[in-house]
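Have a look at model.cif; it's mmCIF, C-alpha atoms:
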```
data_work
loop_
_atom_site.group_PDB
_atom_site.id
_atom_site.type_symbol
_atom_site.label_atom_id
_atom_site.label_comp_id
_atom_site.auth_asym_id
_atom_site.auth_seq_id
_atom_site.Cartn_x
_atom_site.Cartn_y
_atom_site.Cartn_z
ATOM 1 C CA MET G 22 92.186 83.127 108.079
ATOM 2 C CA SER G 23 90.899 86.488 109.286
ATOM 3 C CA GLN G 24 90.186 89.124 106.644
ATOM 4 C CA LYS G 25 87.965 92.172 106.195
ATOM 5 C CA HIS G 26 84.474 91.600 104.863
ATOM 6 C CA THR G 27 81.928 94.122 103.631
ATOM 7 C CA ILE G 28 78.445 92.879 104.473
ATOM 8 C CA SER G 29 75.349 94.474 103.022
ATOM 9 C CA ILE G 30 71.965 94.064 104.698
ATOM 10 C CA LEU G 31 68.599 95.107 103.297
ATOM 11 C CA CYS G 32 65.958 95.373 106.008
ATOM 12 C CA ASN G 33 62.696 96.962 107.020
ATOM 13 C CA ASP G 34 63.178 100.422 108.493
ATOM 14 C CA THR G 35 61.859 99.708 111.987
ATOM 15 C CA PRO G 36 62.912 100.747 115.504
ATOM 16 C CA GLY G 37 65.369 98.375 117.165
ATOM 17 C CA VAL G 38 66.715 96.716 114.014
ATOM 18 C CA LEU G 39 70.136 98.376 114.444
ATOM 19 C CA ALA G 40 70.430 97.039 118.002
ATOM 20 C CA ARG G 41 69.487 93.523 116.919
ATOM 21 C CA ILE G 42 71.979 93.500 114.039
ATOM 22 C CA ALA G 43 74.838 95.005 116.083
ATOM 23 C CA GLY G 44 74.045 92.626 118.955
ATOM 24 C CA LEU G 45 74.414 89.634 116.672
ATOM 25 C CA PHE G 46 77.976 90.696 115.765
ATOM 26 C CA SER G 47 78.761 91.494 119.393
ATOM 27 C CA ARG G 48 77.598 88.098 120.663
ATOM 28 C CA ARG G 49 79.944 86.444 118.156
ATOM 29 C CA GLY G 50 82.869 88.595 119.332
ATOM 30 C CA PHE G 51 83.262 90.584 116.115
ATOM 31 C CA ASN G 52 84.368 94.185 116.282
ATOM 32 C CA ILE G 53 82.491 96.267 113.724
ATOM 33 C CA GLU G 54 85.098 98.429 111.995
ATOM 34 C CA SER G 55 82.591 100.500 110.066
ATOM 35 C CA LEU G 56 78.801 100.725 110.015
ATOM 36 C CA SER G 57 76.636 102.897 107.792
ATOM 37 C CA VAL G 58 72.868 102.848 107.513
ATOM 38 C CA GLY G 59 70.660 104.750 105.143
ATOM 39 C CA ASN G 60 67.346 104.778 103.338
ATOM 40 C CA THR G 61 67.111 103.003 100.016
ATOM 41 C CA GLU G 62 65.179 103.722 96.846
ATOM 42 C CA ILE G 63 62.360 101.617 98.355
ATOM 43 C CA LYS G 64 60.194 103.452 100.878
ATOM 44 C CA GLY G 65 60.360 101.823 104.326
ATOM 45 C CA LYS G 66 63.575 99.895 103.595
ATOM 46 C CA SER G 67 67.079 100.599 104.901
ATOM 47 C CA ARG G 68 70.452 99.306 103.859
ATOM 48 C CA PHE G 69 73.320 98.590 106.219
ATOM 49 C CA THR G 70 76.938 98.404 105.097
ATOM 50 C CA ILE G 71 79.079 96.757 107.759
ATOM 51 C CA VAL G 72 82.839 96.198 107.567
ATOM 52 C CA VAL G 73 84.100 93.527 109.925
ATOM 53 C CA GLY G 74 87.178 91.349 110.166
ATOM 54 C CA GLY G 75 86.895 87.643 110.704
ATOM 55 C CA ASP G 76 87.114 84.079 109.556
ATOM 56 C CA GLU G 77 85.036 83.240 106.459
ATOM 57 C CA ARG G 78 83.399 80.193 108.065
ATOM 58 C CA VAL G 79 82.243 82.094 111.151
ATOM 59 C CA LEU G 80 81.065 85.074 109.090
ATOM 60 C CA GLU G 81 78.968 82.714 106.988
ATOM 61 C CA GLN G 82 77.230 81.642 110.216
ATOM 62 C CA VAL G 83 76.628 85.314 111.090
ATOM 63 C CA ARG G 84 75.108 85.942 107.637
ATOM 64 C CA LYS G 85 72.800 82.940 108.120
ATOM 65 C CA GLN G 86 71.735 84.252 111.532
ATOM 66 C CA LEU G 87 71.169 87.729 110.071
ATOM 67 C CA GLN G 88 68.789 86.172 107.539
ATOM 68 C CA LYS G 89 66.756 84.759 110.431
ATOM 69 C CA LEU G 90 66.152 88.175 112.034
ATOM 70 C CA VAL G 91 62.557 89.246 111.564
ATOM 71 C CA HIS G 92 63.168 92.570 109.792
ATOM 72 C CA VAL G 93 66.110 91.457 107.626
ATOM 73 C CA ILE G 94 65.135 90.887 104.003
ATOM 74 C CA LYS G 95 68.569 89.923 102.645
ATOM 75 C CA ALA G 96 72.173 89.801 103.927
ATOM 76 C CA TRP G 97 75.182 89.203 101.702
ATOM 77 C CA ASP G 98 78.948 89.641 101.543
ATOM 78 C CA ILE G 99 80.130 92.087 98.871
ATOM 79 C CA GLU G 100 83.268 90.677 97.267
ATOM 80 C CA ARG G 101 86.129 93.206 97.206
ATOM 81 C CA GLU G 102 86.658 92.915 93.429
ATOM 82 C CA GLU G 103 82.950 93.526 92.815
ATOM 83 C CA ALA G 104 82.593 96.467 95.218
ATOM 84 C CA ILE G 105 82.350 100.160 94.599
ATOM 85 C CA GLU G 106 83.203 101.633 98.010
ATOM 86 C CA ARG G 107 83.186 105.202 99.259
ATOM 87 C CA GLU G 108 83.817 107.059 102.493
ATOM 88 C CA HIS G 109 83.187 110.665 103.384
ATOM 89 C CA ALA G 110 85.222 112.731 105.838
ATOM 90 C CA LEU G 111 85.326 116.189 107.331
ATOM 91 C CA ILE G 112 88.559 117.559 108.754
ATOM 92 C CA LYS G 113 89.114 120.941 110.405
ATOM 93 C CA ILE G 114 92.651 122.293 110.189
ATOM 94 C CA ASP G 115 94.231 125.362 111.791
ATOM 95 C CA VAL G 116 96.154 126.838 108.876
ATOM 96 C CA GLU G 117 99.198 129.034 109.413
ATOM 97 C CA SER G 118 99.267 131.916 106.906
ATOM 98 C CA ALA G 119 102.690 130.851 105.634
ATOM 99 C CA ARG G 120 101.413 127.340 104.788
ATOM 100 C CA LYS G 121 98.101 128.199 103.087
ATOM 101 C CA SER G 122 99.351 127.766 99.519
ATOM 102 C CA GLU G 123 101.065 124.483 100.458
ATOM 103 C CA LEU G 124 97.859 123.175 102.017
ATOM 104 C CA LEU G 125 95.830 124.354 99.031
ATOM 105 C CA GLN G 126 98.044 122.221 96.760
ATOM 106 C CA ILE G 127 97.326 119.165 98.913
ATOM 107 C CA VAL G 128 93.597 119.942 98.951
ATOM 108 C CA THR G 129 93.672 120.044 95.137
ATOM 109 C CA ALA G 130 95.789 116.885 94.842
ATOM 110 C CA VAL G 131 93.418 114.784 97.006
ATOM 111 C CA GLN G 132 90.342 116.352 95.379
ATOM 112 C CA ALA G 133 89.081 117.697 98.697
ATOM 113 C CA ARG G 134 86.850 120.747 98.996
ATOM 114 C CA ILE G 135 87.106 123.664 101.371
ATOM 115 C CA ILE G 136 83.569 123.916 102.724
ATOM 116 C CA SER G 137 84.261 126.534 105.381
ATOM 117 C CA SER G 138 87.032 128.925 106.277
ATOM 118 C CA SER G 139 86.778 131.032 109.372
ATOM 119 C CA GLY G 140 89.873 132.871 110.526
ATOM 120 C CA SER G 141 92.718 130.394 110.377
ATOM 121 C CA ALA G 142 90.446 127.315 110.476
ATOM 122 C CA TRP G 143 89.582 125.478 107.276
ATOM 123 C CA THR G 144 86.996 122.714 107.205
ATOM 124 C CA LEU G 145 87.679 120.277 104.382
ATOM 125 C CA GLU G 146 85.446 117.640 102.824
ATOM 126 C CA ILE G 147 86.962 114.488 101.346
ATOM 127 C CA THR G 148 85.117 111.742 99.479
ATOM 128 C CA GLY G 149 86.665 108.681 97.881
ATOM 129 C CA ASP G 150 87.442 105.052 98.273
ATOM 130 C CA PRO G 151 88.788 104.184 101.733
ATOM 131 C CA SER G 152 92.437 104.233 100.614
ATOM 132 C CA GLU G 153 92.023 107.714 99.107
ATOM 133 C CA VAL G 154 90.553 109.025 102.370
ATOM 134 C CA ASP G 155 93.384 107.315 104.318
ATOM 135 C CA ASN G 156 95.899 108.984 102.011
ATOM 136 C CA ALA G 157 94.330 112.420 102.517
ATOM 137 C CA PHE G 158 94.390 112.037 106.308
ATOM 138 C CA ASN G 159 98.019 110.976 106.092
ATOM 139 C CA LEU G 160 98.915 114.095 104.074
ATOM 140 C CA PHE G 161 97.090 116.373 106.536
ATOM 141 C CA LYS G 162 98.816 114.936 109.630
ATOM 142 C CA ASP G 163 101.659 117.486 109.356
ATOM 143 C CA TYR G 164 99.148 120.283 109.950
ATOM 144 C CA LYS G 165 97.348 121.202 113.136
ATOM 145 C CA VAL G 166 94.192 119.087 112.893
ATOM 146 C CA LEU G 167 91.562 120.546 115.222
ATOM 147 C CA GLU G 168 88.992 117.799 114.711
ATOM 148 C CA SER G 169 87.908 115.219 112.178
ATOM 149 C CA ILE G 170 85.252 112.622 111.491
ATOM 150 C CA ARG G 171 84.809 109.859 108.914
ATOM 151 C CA THR G 172 81.650 108.150 107.858
ATOM 152 C CA GLY G 173 81.526 104.426 107.704
ATOM 153 C CA ARG G 174 82.141 102.770 104.382
ATOM 154 C CA ILE G 175 79.265 102.492 101.935
ATOM 155 C CA ALA G 176 79.339 99.992 99.095
ATOM 156 C CA LEU G 177 77.401 98.740 96.104
ATOM 157 C CA GLU G 178 78.186 95.919 93.744
ATOM 158 C CA ARG G 179 79.226 96.733 90.191
#
```
What would you get if you wrote out this structure as structure tokens?
Amino acid sequence: MSQKHTISILCNDTPGVLARIAGLFSRRGFNIESLSVGNTEIKGKSRFTIVVGGDERVLEQVRKQLQKLVHVIKAWDIEREEAIEREHALIKIDVESARKSELLQIVTAVQARIISSSGSAWTLEITGDPSEVDNAFNLFKDYKVLESIRTGRIALER
């Protein structure tokens, strides 16, 4: 049965490691839904958070192959009930004067922040679990969205 998995990978921060990790998923025919990489508290180490859909048995094989990559220290699946997940998004909206107070109520309700306002364009910042960010995007769809971007999911275990 195919389901979404959040895989965490601790590795050495070296050139080419991203290509090797992404290539492993690609060769197995998995589409990476979300990928985030960042430095850790340990100098010279990076942590990947990858969200991918797939069969548990095949993903277990991928995790085993990840462990065999030279620069990978540890690869594991973060169980949904044990995960603390966050996403970050920026969205630029063209705000009509007549709808500013309405939009401000939505911004407050989804705990977004206005990080820039220039003329009629507002740039909003949203941080939360993936469903909260989805909800915010859904509420903003009735406005003129000029552009938007979302980070990949990041996750830690409780």
Item to check | Test item: the PyMOL selection byres ((chain G and resi 144-161) around 6) resolved as a PyMOL selection string | outcome: chain G and resi 106-113+133-137+143+162-164
Checklist entry - Can you list, as a count of residues only, the residues that the PyMOL selection byres ((chain G and resi 43-58) around 7) selects here? => result 15
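From CA of Gln82 (chain G) back to CA of Ala96 (chain G), the distance works out to 11.5 Å.
If you look at CA of Cys32 (chain G) and CA of His92 (chain G), they are 5.5 Å away from each other.
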Checklist entry - CA of Glu168 (chain G) and CA of Glu123 (chain G), how far apart in Å? => result 19.8 Å
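Closest approach to Glu81 (chain G) from the set G:Leu125, G:Ile114, G:Ile28, G:Ala119 is made by G:Ile28, with distances taken over only C-alpha atoms.
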Would you compute, for all listed atoms of region 162-172 of chain G, the axis-aligned bounding box grown by 3 Å on each side, and then report its centre and edge lengths in Å rounded to one decimal, as AutoDock Vina command-line options?
```
--center_x 91.7 --center_y 114.7 --center_z 111.5 --size_x 26.0 --size_y 19.1 --size_z 13.4
```
Next on the checklist: Taking all atoms listed in the file into account, name the residue in G:Val131, G:Glu62, G:Asp76, G:Leu31 that is nearest to Val91 (chain G).
Outcome noted: G:Leu31
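Distance annotation: of G:Glu103, G:His26, G:Asp115, G:Ile63, the residue with the minimal separation from Ser138 (chain G) is G:Asp115; atom set is all atoms listed in the file.
The list of residues with at least one atom within 8 Å of Trp97 (chain G), based on all atoms listed in the file and without residues fewer than 2 positions apart in the same chain, reads Ile28, Ser29, Ile30, Arg84, Lys95 and Ile99 of chain G.
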Selection above as a file: C-alpha atoms, as a short mmCIF file (atom, residue, chain, number, x, y, z; two decimals), in the frame of the given file:
```
data_model
loop_
_atom_site.label_atom_id
_atom_site.label_comp_id
_atom_site.auth_asym_id
_atom_site.auth_seq_id
_atom_site.Cartn_x
_atom_site.Cartn_y
_atom_site.Cartn_z
CA ILE G 28 78.44 92.88 104.47
CA SER G 29 75.35 94.47 103.02
CA ILE G 30 71.96 94.06 104.70
CA ARG G 84 75.11 85.94 107.64
CA LYS G 95 68.57 89.92 102.64
CA ILE G 99 80.13 92.09 98.87
#
```
Checklist entry - For Ala142 (chain G), which residue out of G:Ile127, G:Ala104, G:Lys165, G:Val116 is the nearest one, using all atoms listed in the file? => result G:Val116
